[in-house]
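Novice: mmCIF, C-alpha atoms and all ligand atoms, file data-v3.cif:
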```
data_structure
loop_
_atom_site.label_atom_id
_atom_site.label_comp_id
_atom_site.auth_asym_id
_atom_site.auth_seq_id
_atom_site.Cartn_x
_atom_site.Cartn_y
_atom_site.Cartn_z
CA MET A 1 79.04 100.41 145.08
CA GLY A 2 80.32 97.77 142.70
CA LYS A 3 80.21 95.12 145.40
CA LYS A 4 76.62 95.90 146.30
CA LEU A 5 75.53 95.81 142.68
CA THR A 6 77.20 92.45 142.17
CA LEU A 7 75.29 91.09 145.12
CA LEU A 8 72.03 92.46 143.73
CA THR A 9 72.78 90.79 140.42
CA ALA A 10 72.89 87.46 142.19
CA VAL A 11 69.62 88.20 143.98
CA PHE A 12 68.04 89.14 140.69
CA ALA A 13 68.98 85.82 139.15
CA LEU A 14 67.11 84.13 141.98
CA VAL A 15 64.06 86.34 141.50
CA VAL A 16 63.93 85.55 137.81
CA ALA A 17 64.28 81.86 138.55
CA ALA A 18 61.48 82.10 141.12
CA CYS A 19 59.26 83.81 138.55
CA GLY A 20 59.98 81.08 136.09
CA GLY A 21 61.25 83.54 133.50
CA GLY A 22 57.77 84.16 132.09
CA ALA A 23 57.03 85.16 128.55
CA GLU A 24 57.19 88.84 129.45
CA GLU A 25 60.79 88.68 130.51
CA THR A 26 63.89 88.38 128.36
CA THR A 27 67.56 88.71 129.15
CA THR A 28 69.76 90.77 126.91
CA THR A 29 73.45 91.34 127.22
CA THR A 30 74.24 92.51 123.72
CA ALA A 31 72.48 94.88 121.33
CA ALA A 32 69.13 93.35 120.48
CA PRO A 33 66.57 94.30 117.87
CA GLU A 34 63.45 96.00 119.14
CA PRO A 35 60.90 93.18 119.32
CA GLY A 36 58.02 95.38 118.25
CA GLU A 37 59.98 96.29 115.20
CA THR A 38 61.24 92.90 114.09
CA THR A 39 57.78 91.35 114.25
CA THR A 40 56.09 94.09 112.29
CA THR A 41 55.33 93.45 108.67
CA ALA A 42 57.48 95.57 106.40
CA PRO A 43 55.64 98.09 104.26
CA ALA A 44 55.31 97.87 100.52
CA PRO A 45 58.38 99.13 98.70
CA GLY A 46 58.54 102.69 97.50
CA GLY A 47 57.41 104.14 100.82
CA GLY A 48 57.32 107.76 101.86
CA ASP A 49 54.70 110.42 101.65
CA ALA A 50 53.02 110.53 98.27
CA GLY A 51 52.64 114.29 98.45
CA ALA A 52 49.68 116.28 97.20
CA GLY A 53 48.32 114.83 94.00
CA GLY A 54 51.15 112.32 93.98
CA GLY A 55 48.90 109.34 93.37
CA GLY A 56 49.97 107.65 96.62
CA ALA A 57 48.22 104.87 98.48
CA GLU A 58 45.66 107.22 100.00
CA GLN A 59 44.37 108.18 96.58
CA ALA A 60 43.88 104.55 95.60
CA GLY A 61 42.66 103.19 98.93
CA GLY A 62 41.21 106.36 100.45
CA SER A 63 42.66 108.38 103.25
CA LEU A 64 42.20 107.60 106.91
CA LEU A 65 40.52 110.99 107.00
CA ASP A 66 37.55 109.54 105.08
CA THR A 67 37.57 106.42 107.23
CA VAL A 68 37.49 108.39 110.47
CA ILE A 69 34.76 110.73 109.23
CA ALA A 70 32.64 107.78 108.07
CA ARG A 71 33.17 105.92 111.34
CA GLY A 72 32.53 109.00 113.47
CA THR A 73 35.23 107.97 115.92
CA LEU A 74 39.01 108.21 115.99
CA ASN A 75 40.82 105.03 117.02
CA CYS A 76 43.86 106.22 118.90
CA GLY A 77 46.67 104.13 120.38
CA VAL A 78 47.92 105.37 123.74
CA ASN A 79 49.76 104.39 126.89
CA GLU A 80 47.52 103.57 129.85
CA THR A 81 50.11 103.49 132.61
CA LEU A 82 52.26 106.57 132.13
CA ALA A 83 50.91 109.36 134.32
CA GLY A 84 51.02 112.72 132.57
CA PHE A 85 51.26 111.27 129.05
CA GLY A 86 48.77 108.44 128.76
CA PHE A 87 46.96 107.09 131.80
CA LYS A 88 43.68 105.35 132.53
CA ASP A 89 42.36 106.88 135.75
CA GLU A 90 40.22 105.27 138.43
CA THR A 91 37.04 106.26 136.56
CA GLY A 92 38.25 104.53 133.40
CA GLN A 93 38.95 107.82 131.61
CA PHE A 94 42.10 108.20 129.53
CA VAL A 95 44.01 111.36 130.45
CA GLY A 96 47.34 112.91 129.55
CA PHE A 97 49.40 114.94 127.14
CA ASP A 98 49.44 112.25 124.42
CA VAL A 99 45.78 111.48 125.07
CA ASP A 100 44.95 115.14 124.46
CA LEU A 101 46.54 114.96 121.02
CA CYS A 102 44.05 112.19 120.15
CA ARG A 103 41.27 114.41 121.47
CA ALA A 104 42.56 117.38 119.47
CA VAL A 105 42.56 115.41 116.21
CA ALA A 106 39.04 114.18 116.95
CA ALA A 107 37.95 117.78 117.62
CA ALA A 108 39.49 118.90 114.30
CA VAL A 109 38.05 116.08 112.20
CA LEU A 110 34.76 115.33 113.95
CA GLY A 111 34.10 118.49 115.94
CA ASP A 112 34.07 116.41 119.12
CA ALA A 113 37.10 115.84 121.32
CA ASP A 114 35.29 112.96 122.99
CA ALA A 115 34.80 111.01 119.76
CA VAL A 116 37.84 108.86 120.46
CA LYS A 117 38.16 105.15 121.09
CA PHE A 118 41.38 104.72 123.04
CA GLU A 119 43.42 101.61 122.46
CA PRO A 120 45.92 101.00 125.27
CA LEU A 121 49.15 99.58 123.85
CA THR A 122 52.47 98.33 125.14
CA ALA A 123 55.59 99.62 123.44
CA ALA A 124 56.14 96.26 121.76
CA ALA A 125 52.59 96.11 120.34
CA ARG A 126 52.22 99.68 119.11
CA PHE A 127 53.60 99.49 115.57
CA GLU A 128 51.65 96.40 114.60
CA ALA A 129 48.54 98.24 115.80
CA VAL A 130 49.24 100.95 113.23
CA ASN A 131 50.05 98.56 110.41
CA SER A 132 47.06 96.31 111.02
CA GLY A 133 44.69 99.27 110.96
CA LEU A 134 43.63 98.74 114.58
CA ILE A 135 44.41 102.41 115.20
CA ASP A 136 44.31 105.52 113.01
CA LEU A 137 46.81 107.37 115.10
CA LEU A 138 49.55 106.40 117.55
CA SER A 139 50.09 108.92 120.31
CA ARG A 140 52.14 107.02 122.85
CA ASN A 141 55.50 108.53 123.89
CA THR A 142 56.98 107.22 120.66
CA THR A 143 60.39 108.26 119.42
CA TRP A 144 60.77 109.25 115.78
CA THR A 145 63.70 107.27 114.39
CA GLN A 146 65.04 106.62 110.90
CA SER A 147 64.23 102.91 110.95
CA ARG A 148 60.69 103.39 112.23
CA ASP A 149 60.10 106.07 109.62
CA THR A 150 61.61 104.21 106.68
CA ASP A 151 61.39 100.50 107.46
CA LEU A 152 58.30 100.01 109.59
CA GLY A 153 55.52 101.44 107.45
CA LEU A 154 55.07 104.56 109.57
CA ASP A 155 55.05 108.28 109.04
CA PHE A 156 55.76 110.68 111.89
CA GLY A 157 54.26 114.03 112.71
CA PRO A 158 55.84 117.02 114.41
CA THR A 159 57.70 116.30 117.60
CA THR A 160 55.35 117.18 120.43
CA TYR A 161 57.83 116.49 123.24
CA TYR A 162 61.61 116.72 122.89
CA ASP A 163 62.98 114.17 125.32
CA GLY A 164 66.16 112.21 126.02
CA GLN A 165 66.98 108.94 127.70
CA GLN A 166 68.12 108.94 131.31
CA LEU A 167 68.48 106.43 134.11
CA MET A 168 67.06 106.17 137.61
CA ALA A 169 68.58 104.50 140.65
CA LYS A 170 68.30 104.58 144.43
CA LYS A 171 70.02 107.28 146.44
CA ALA A 172 70.77 104.56 148.99
CA ASP A 173 73.00 102.89 146.41
CA GLY A 174 75.10 106.04 146.26
CA PHE A 175 73.67 107.55 143.09
CA THR A 176 73.13 111.30 142.72
CA ALA A 177 71.75 113.53 139.98
CA ASP A 178 75.38 114.15 138.96
CA SER A 179 76.33 110.48 138.71
CA PRO A 180 78.06 109.73 135.43
CA LEU A 181 76.94 106.83 133.28
CA THR A 182 80.09 104.92 134.26
CA ASP A 183 78.55 104.43 137.74
CA ILE A 184 76.28 101.72 136.34
CA ALA A 185 79.23 99.35 135.85
CA GLY A 186 78.25 95.95 137.24
CA ALA A 187 74.57 96.88 137.56
CA VAL A 188 71.41 95.11 136.48
CA VAL A 189 69.75 97.68 134.24
CA CYS A 190 66.09 97.22 133.32
CA THR A 191 63.80 98.68 130.70
CA ASN A 192 60.86 97.72 128.52
CA ALA A 193 61.07 95.77 125.29
CA GLY A 194 60.41 97.16 121.85
CA THR A 195 61.89 100.55 122.67
CA THR A 196 64.73 102.75 121.54
CA THR A 197 65.78 102.63 125.17
CA GLU A 198 67.16 99.12 125.14
CA LYS A 199 69.36 99.81 122.12
CA ASN A 200 70.62 103.14 123.41
CA ILE A 201 71.76 101.78 126.74
CA THR A 202 73.40 98.78 125.08
CA GLU A 203 75.37 101.02 122.75
CA ALA A 204 76.20 103.66 125.36
CA SER A 205 77.51 101.14 127.88
CA ALA A 206 79.46 99.25 125.21
CA ALA A 207 81.05 102.49 124.04
CA LEU A 208 82.31 103.08 127.59
CA GLY A 209 83.33 99.45 128.03
CA LEU A 210 80.86 99.01 130.91
CA ASP A 211 79.85 95.54 131.94
CA ILE A 212 76.09 95.66 132.65
CA THR A 213 73.29 93.12 132.63
CA LEU A 214 70.34 94.44 130.65
CA GLN A 215 66.93 93.00 131.40
CA THR A 216 63.87 93.87 129.32
CA PHE A 217 60.21 93.34 130.12
CA GLU A 218 57.19 94.08 127.95
CA ASP A 219 55.37 95.96 130.69
CA PHE A 220 57.05 98.93 132.35
CA ASN A 221 55.03 98.26 135.52
CA ILE A 222 57.00 95.02 135.84
CA VAL A 223 60.24 96.95 135.28
CA MET A 224 59.30 99.21 138.19
CA GLU A 225 58.29 96.31 140.44
CA ASN A 226 61.69 94.75 139.89
CA PHE A 227 63.40 98.06 140.55
CA LYS A 228 61.50 98.53 143.79
CA SER A 229 62.20 94.99 144.96
CA GLY A 230 65.89 95.46 144.26
CA ALA A 231 66.01 92.96 141.39
CA CYS A 232 66.93 95.80 139.05
CA ASP A 233 69.57 98.25 140.28
CA VAL A 234 68.81 100.81 137.62
CA VAL A 235 65.86 101.54 135.31
CA THR A 236 66.18 103.49 132.11
CA THR A 237 63.78 105.09 129.67
CA ASP A 238 62.76 108.54 128.41
CA GLY A 239 63.59 111.18 131.01
CA SER A 240 59.94 112.26 131.09
CA GLY A 241 58.86 108.70 131.85
CA LEU A 242 61.26 108.53 134.78
CA VAL A 243 60.04 111.88 136.11
CA SER A 244 56.48 110.57 135.84
CA ARG A 245 57.26 107.38 137.73
CA LYS A 246 59.27 109.19 140.40
CA ALA A 247 56.59 111.84 140.92
CA THR A 248 53.75 109.38 141.29
CA ASP A 249 55.35 106.68 143.44
CA PRO A 250 55.35 106.92 147.25
CA ALA A 251 59.00 105.82 147.25
CA GLY A 252 59.97 108.30 144.53
CA ASP A 253 61.86 110.59 146.92
CA GLU A 254 64.38 107.82 147.47
CA TRP A 255 65.28 107.70 143.78
CA VAL A 256 67.41 109.90 141.62
CA ILE A 257 67.51 110.53 137.87
CA PHE A 258 70.87 110.81 136.09
CA PRO A 259 73.04 111.65 134.18
CA SER A 260 72.11 115.30 133.90
CA VAL A 261 72.78 115.23 130.15
CA PRO A 262 70.58 112.53 128.54
CA ILE A 263 72.31 109.68 126.72
CA SER A 264 70.12 110.01 123.59
CA LYS A 265 67.71 112.19 121.68
CA GLU A 266 64.09 111.01 122.00
CA PRO A 267 61.85 113.20 119.87
CA LEU A 268 58.37 111.99 120.83
CA GLY A 269 55.36 112.55 118.62
CA PRO A 270 52.43 111.09 116.72
CA ALA A 271 52.73 108.41 114.02
CA TRP A 272 50.35 106.81 111.51
CA LYS A 273 50.43 104.38 108.60
CA GLN A 274 52.69 105.69 105.88
CA ASN A 275 51.65 106.94 102.42
CA ASP A 276 48.61 108.89 103.59
CA SER A 277 49.57 112.51 103.13
CA VAL A 278 45.97 113.70 103.52
CA TRP A 279 45.83 112.21 107.01
CA GLY A 280 49.36 113.42 107.65
CA ASP A 281 48.32 117.00 106.87
CA VAL A 282 45.45 116.74 109.33
CA VAL A 283 47.59 115.46 112.20
CA ARG A 284 50.47 117.85 111.46
CA TRP A 285 48.30 120.92 111.24
CA THR A 286 46.38 120.03 114.36
CA VAL A 287 49.69 120.10 116.24
CA TYR A 288 50.78 123.28 114.47
CA ALA A 289 47.47 124.98 115.22
CA MET A 290 47.99 124.28 118.92
CA ILE A 291 51.50 125.76 118.76
CA ILE A 292 50.44 128.83 116.76
CA ALA A 293 47.56 129.39 119.18
CA GLU A 294 50.02 129.46 122.06
CA GLU A 295 52.25 131.90 120.15
CA LYS A 296 49.28 134.22 119.76
CA GLY A 297 47.89 133.83 123.26
CA ILE A 298 44.74 132.12 121.98
CA THR A 299 43.43 129.83 124.71
CA SER A 300 40.37 127.72 125.37
CA ALA A 301 39.17 130.52 127.65
CA ASN A 302 39.47 133.39 125.16
CA VAL A 303 39.03 131.68 121.78
CA ASP A 304 35.46 132.94 121.38
CA GLN A 305 36.59 136.55 121.76
CA MET A 306 39.47 135.81 119.38
CA VAL A 307 37.05 134.53 116.76
CA ALA A 308 34.91 137.63 117.17
CA ASN A 309 37.97 139.90 117.16
CA PRO A 310 40.97 138.11 115.63
CA PRO A 311 44.31 139.66 116.60
CA ASP A 312 45.66 139.25 113.05
CA GLY A 313 45.04 137.61 109.69
CA GLU A 314 46.75 134.36 110.62
CA ALA A 315 44.59 133.93 113.71
CA ALA A 316 41.48 134.71 111.65
CA ARG A 317 42.39 132.06 109.07
CA LEU A 318 43.35 129.45 111.63
CA LEU A 319 40.14 129.87 113.60
CA GLY A 320 37.99 129.81 110.48
CA ALA A 321 36.95 133.40 111.11
CA SER A 322 37.82 134.70 107.66
CA GLU A 323 36.99 133.68 104.13
CA ASP A 324 40.57 132.82 103.30
CA GLU A 325 40.64 130.02 105.87
CA ILE A 326 42.54 126.96 104.62
CA GLN A 327 41.05 124.15 106.72
CA THR A 328 38.43 123.26 104.11
CA LYS A 329 41.23 122.79 101.56
CA MET A 330 42.44 119.87 103.61
CA GLY A 331 39.03 118.26 104.01
CA LEU A 332 38.27 119.68 107.45
CA PRO A 333 35.47 121.99 108.58
CA ALA A 334 36.48 125.67 108.52
CA ASP A 335 36.22 125.82 112.31
CA ALA A 336 38.32 122.66 112.86
CA PHE A 337 41.09 124.39 114.79
CA TYR A 338 38.67 126.62 116.68
CA GLN A 339 37.22 123.33 117.98
CA VAL A 340 40.68 122.08 118.91
CA ILE A 341 41.50 125.18 120.95
CA LYS A 342 38.02 125.48 122.46
CA GLN A 343 37.74 121.82 123.49
CA VAL A 344 41.35 120.85 124.19
CA GLY A 345 43.44 124.04 124.39
CA ASN A 346 46.66 125.35 122.94
CA TYR A 347 49.98 123.50 123.33
CA GLY A 348 50.92 125.37 126.50
CA GLU A 349 47.56 124.68 128.14
CA VAL A 350 47.91 120.97 127.45
CA PHE A 351 51.49 120.95 128.77
CA ASP A 352 50.46 122.83 131.91
CA ARG A 353 47.47 120.57 132.49
CA HIS A 354 49.37 117.30 132.38
CA LEU A 355 53.12 117.77 132.60
CA THR A 356 53.73 120.81 134.81
CA PRO A 357 52.13 119.00 137.79
CA LEU A 358 54.75 116.25 137.44
CA GLY A 359 57.51 118.85 137.83
CA LEU A 360 58.46 118.90 134.14
CA ASN A 361 59.35 122.33 132.83
CA ARG A 362 59.13 123.54 129.26
CA GLY A 363 62.88 123.41 128.56
CA LEU A 364 63.39 122.33 124.93
CA ASN A 365 59.61 122.23 124.62
CA ALA A 366 59.24 125.99 124.95
CA LEU A 367 58.17 128.01 121.93
CA TRP A 368 61.03 129.03 119.64
CA SER A 369 60.31 132.63 120.64
CA ASP A 370 61.06 131.63 124.25
CA GLY A 371 64.30 129.83 123.37
CA GLY A 372 62.77 126.39 122.81
CA LEU A 373 62.40 124.13 119.78
CA LEU A 374 58.67 124.47 119.10
CA TYR A 375 58.23 126.16 115.76
CA ALA A 376 55.20 125.86 113.49
CA PRO A 377 55.08 126.86 109.82
CA PRO A 378 52.85 129.85 109.07
CA ALA A 379 49.12 129.30 108.64
CA ARG A 380 48.76 131.04 105.31
N1 LIG B 1 60.28 106.66 123.55
C1 LIG B 1 60.75 105.30 123.58
C2 LIG B 1 60.26 104.54 124.83
C3 LIG B 1 58.77 104.40 124.87
C4 LIG B 1 58.27 103.59 126.08
O1 LIG B 1 57.65 102.53 125.93
N2 LIG B 1 58.55 104.06 127.26
C5 LIG B 1 58.14 103.37 128.47
C6 LIG B 1 58.75 104.06 129.64
S1 LIG B 1 58.36 105.77 129.76
C7 LIG B 1 56.67 103.36 128.66
O2 LIG B 1 55.96 104.04 128.01
N3 LIG B 1 56.25 102.60 129.59
C8 LIG B 1 54.93 102.58 130.02
C9 LIG B 1 54.88 102.99 131.45
O3 LIG B 1 55.77 103.70 131.92
O4 LIG B 1 53.91 102.61 132.05
C10 LIG B 1 60.34 104.58 122.32
O5 LIG B 1 59.57 105.13 121.54
O6 LIG B 1 60.78 103.45 122.11
#
```
Starting from the file, lay out its structure as structure tokens.
Ligand SMILES: N[C@@H](CCC(=O)N[C@@H](CS)C(=O)NCC(=O)O)C(=O)O

Specialist:
Amino acid sequence: MGKKLTLLTAVFALVVAACGGGAEETTTTTAAPEPGETTTTAPAPGGGDAGAGGGGAEQAGGSLLDTVIARGTLNCGVNETLAGFGFKDETGQFVGFDVDLCRAVAAAVLGDADAVKFEPLTAAARFEAVNSGLIDLLSRNTTWTQSRDTDLGLDFGPTTYYDGQQLMAKKADGFTADSPLTDIAGAVVCTNAGTTTEKNITEASAALGLDITLQTFEDFNIVMENFKSGACDVVTTDGSGLVSRKATDPAGDEWVIFPSVPISKEPLGPAWKQNDSVWGDVVRWTVYAMIIAEEKGITSANVDQMVANPPDGEAARLLGASEDEIQTKMGLPADAFYQVIKQVGNYGEVFDRHLTPLGLNRGLNALWSDGGLLYAPPAR
């Protein structure tokens, strides 16, 4: 295989030369900073959630909750090219698992899941979009990392999809689902810029002493075009992203995802501008409400019966069906989470709607009671 990959490397150099090495393409052979991160303005010192009554930035400048209510629309940053997670369909509608989190927050805050203005973002542009105020919420297959949380002016919500980085190559090049990472020696490996992905693969291959050529592009569509043309031997990103690409491409059957154990942890979830604990509560509890609803078997189809006849006190509170509801304490209407479940669904419904059709199973993203990692604090 090594010989073939070497040959492809030479072909790739020609392709890049033919393309003129446009602004979207960079060559990386050593660990590089994530472009989206280095260009983002650092937050004011003393970051971190202010906490209730802590006199944080939201108290001085107002919370995004007030801004969104006053505007009547949620500005939400999403992917537009990742089927299953964030995708703009042929009718111009945004659909997907991450898109539905935007819709759920809009349902909670505004009572209308359709009151969302979607802002399609590349990986490299997403953090600046949060910091500049272009978006209120980022819901775009974004990994929660220490540097993003502490050094980029962001706060992260609960992980909505536990993922890990994998690689994808062509069966015709001898790769199988059991191929070890060492099989990429000599390969041109491609991914998109401004991601955890490019750093992970650089570190993982260096740790194994593998000689690879890493190419990064801003747009993952370009990554895939180069993979299909043979200019990239291997593509790498979140395992879910690879499954999505493989499932939706006519040539997908010729490709294989490996290694079976991911090379990194990629906890994906929502993010927003840091120091706004009021807004943070809203996003967090919207996610938790969707998880708790699944635990209790409350679905979009039966939520009206559940409101009329709550199965227990927690369900009654969460749906705003009892006087000790807590939603109004956080600045939301009492029926905020009823609206979320009615209009968008519980976590499992959203997963089944968008991710099950791609062939993704619940795995780590099962409820804790089913052996997974999804666990919400009690609504009391
Ligand atoms: N989770 C990683 C990677 C995020 C990312 O940008 N992934 C790529 C590959 S799944 C992507 O969304 N590309 C858009 C696409 O596939 O169209 C991160 O937060 O840095």

Novice: Counting all atoms listed in the file, what residues are within 8 Å of ligand LIG 1 (chain B), given as a ChimeraX atom specification?

Specialist: /A:79-83,122-124,140-144,191-197,219-221,236-242,244-245,266-268

Novice: Need the shell around Ala104 of chain A: protein/DNA/RNA residues with any atom at most 7 Å away, counting only C-alpha atoms. Skip same-chain ones fewer than 5 positions apart. Format as a list in words?

Specialist: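 The residues satisfying every condition are Ala113, Thr286, Val340 and Val344 of chain A.
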
Novice: Expressed in Å to a single decimal, how great is the separation between atom CA of Ala379 of chain A and atom CA of Ala108 of chain A?

Specialist: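 Separation between atom CA of Ala379 of chain A and atom CA of Ala108 of chain A: 15.3 Å.
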
Novice: Which residue is closest to Val282 of chain A? Choose from A:Lys265, A:His354, A:Lys117, A:Lys329 and count only C-alpha atoms.

Specialist: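 Using only C-alpha atoms, the shortest distance to Val282 of chain A belongs to A:Lys329.
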
Novice: Any idea what's packed within 10 Å of Glu119 of chain A, counting all atoms listed in the file, ignoring anything in its chain fewer than 6 positions away? Could you give it as a list in words?

Specialist: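 Once the nearby chain positions are removed, what remains is Asn75, Cys76, Gly77, Val78, Asn79, Glu80, Phe94, Arg126, Ala129, Leu134, Ile135, Leu137 and Leu138 of chain A.
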
Novice: Near Arg103 of chain A, counting only C-alpha atoms, which residues have an atom at most 9 Å away, once you skip same-chain residues fewer than 2 positions from it, shown as a ChimeraX atom specification?

Specialist: /A:74,76,98-101,105-108,112-116,340,343-344

Novice: What is the distance between atom CA of Gln215 of chain A and atom CA of Asp178 of chain A, in Å to one decimal?

Specialist: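 Between these atoms lies a distance of 24.0 Å.
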
Novice: Between atom CA of Ala293 of chain A and atom CA of Asp155 of chain A, measure the distance and give it in Å to one decimal.

Specialist: 24.6 Å

Novice: Give the answer as one residue: which of A:Ala321, A:Met290, A:Leu367, A:Leu110 has the shortest atom-to-atom distance to Gly345 of chain A, using all atoms listed in the file?

Specialist: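 Counting all atoms listed in the file, the residue closest to Gly345 of chain A is A:Met290.
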
Novice: Which is closest to Leu64 of chain A among A:Cys232, A:Val278, A:Val350, A:Val189, if we use all atoms listed in the file?

Specialist: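 Ranking A:Cys232, A:Val278, A:Val350, A:Val189 by distance to Leu64 of chain A, first place goes to A:Val278.
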
Novice: Find, counting all atoms listed in the file, the residue in A:Ala308, A:Val256, A:Ala301, A:Leu373 that gets nearest to Asn346 of chain A.

Specialist: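 For Asn346 of chain A, the nearest of the given residues is A:Ala301.
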
Novice: So which one's closest to Ile326 of chain A, A:Ser300, A:Gln305, A:Leu210, A:Arg380? Using only C-alpha atoms, please.

Specialist: A:Arg380

Novice: Determine the nearest neighbour of Ala336 of chain A from the options A:Phe351, A:Phe175, A:Trp285, A:Trp279, counting all atoms listed in the file.

Specialist: A:Trp285
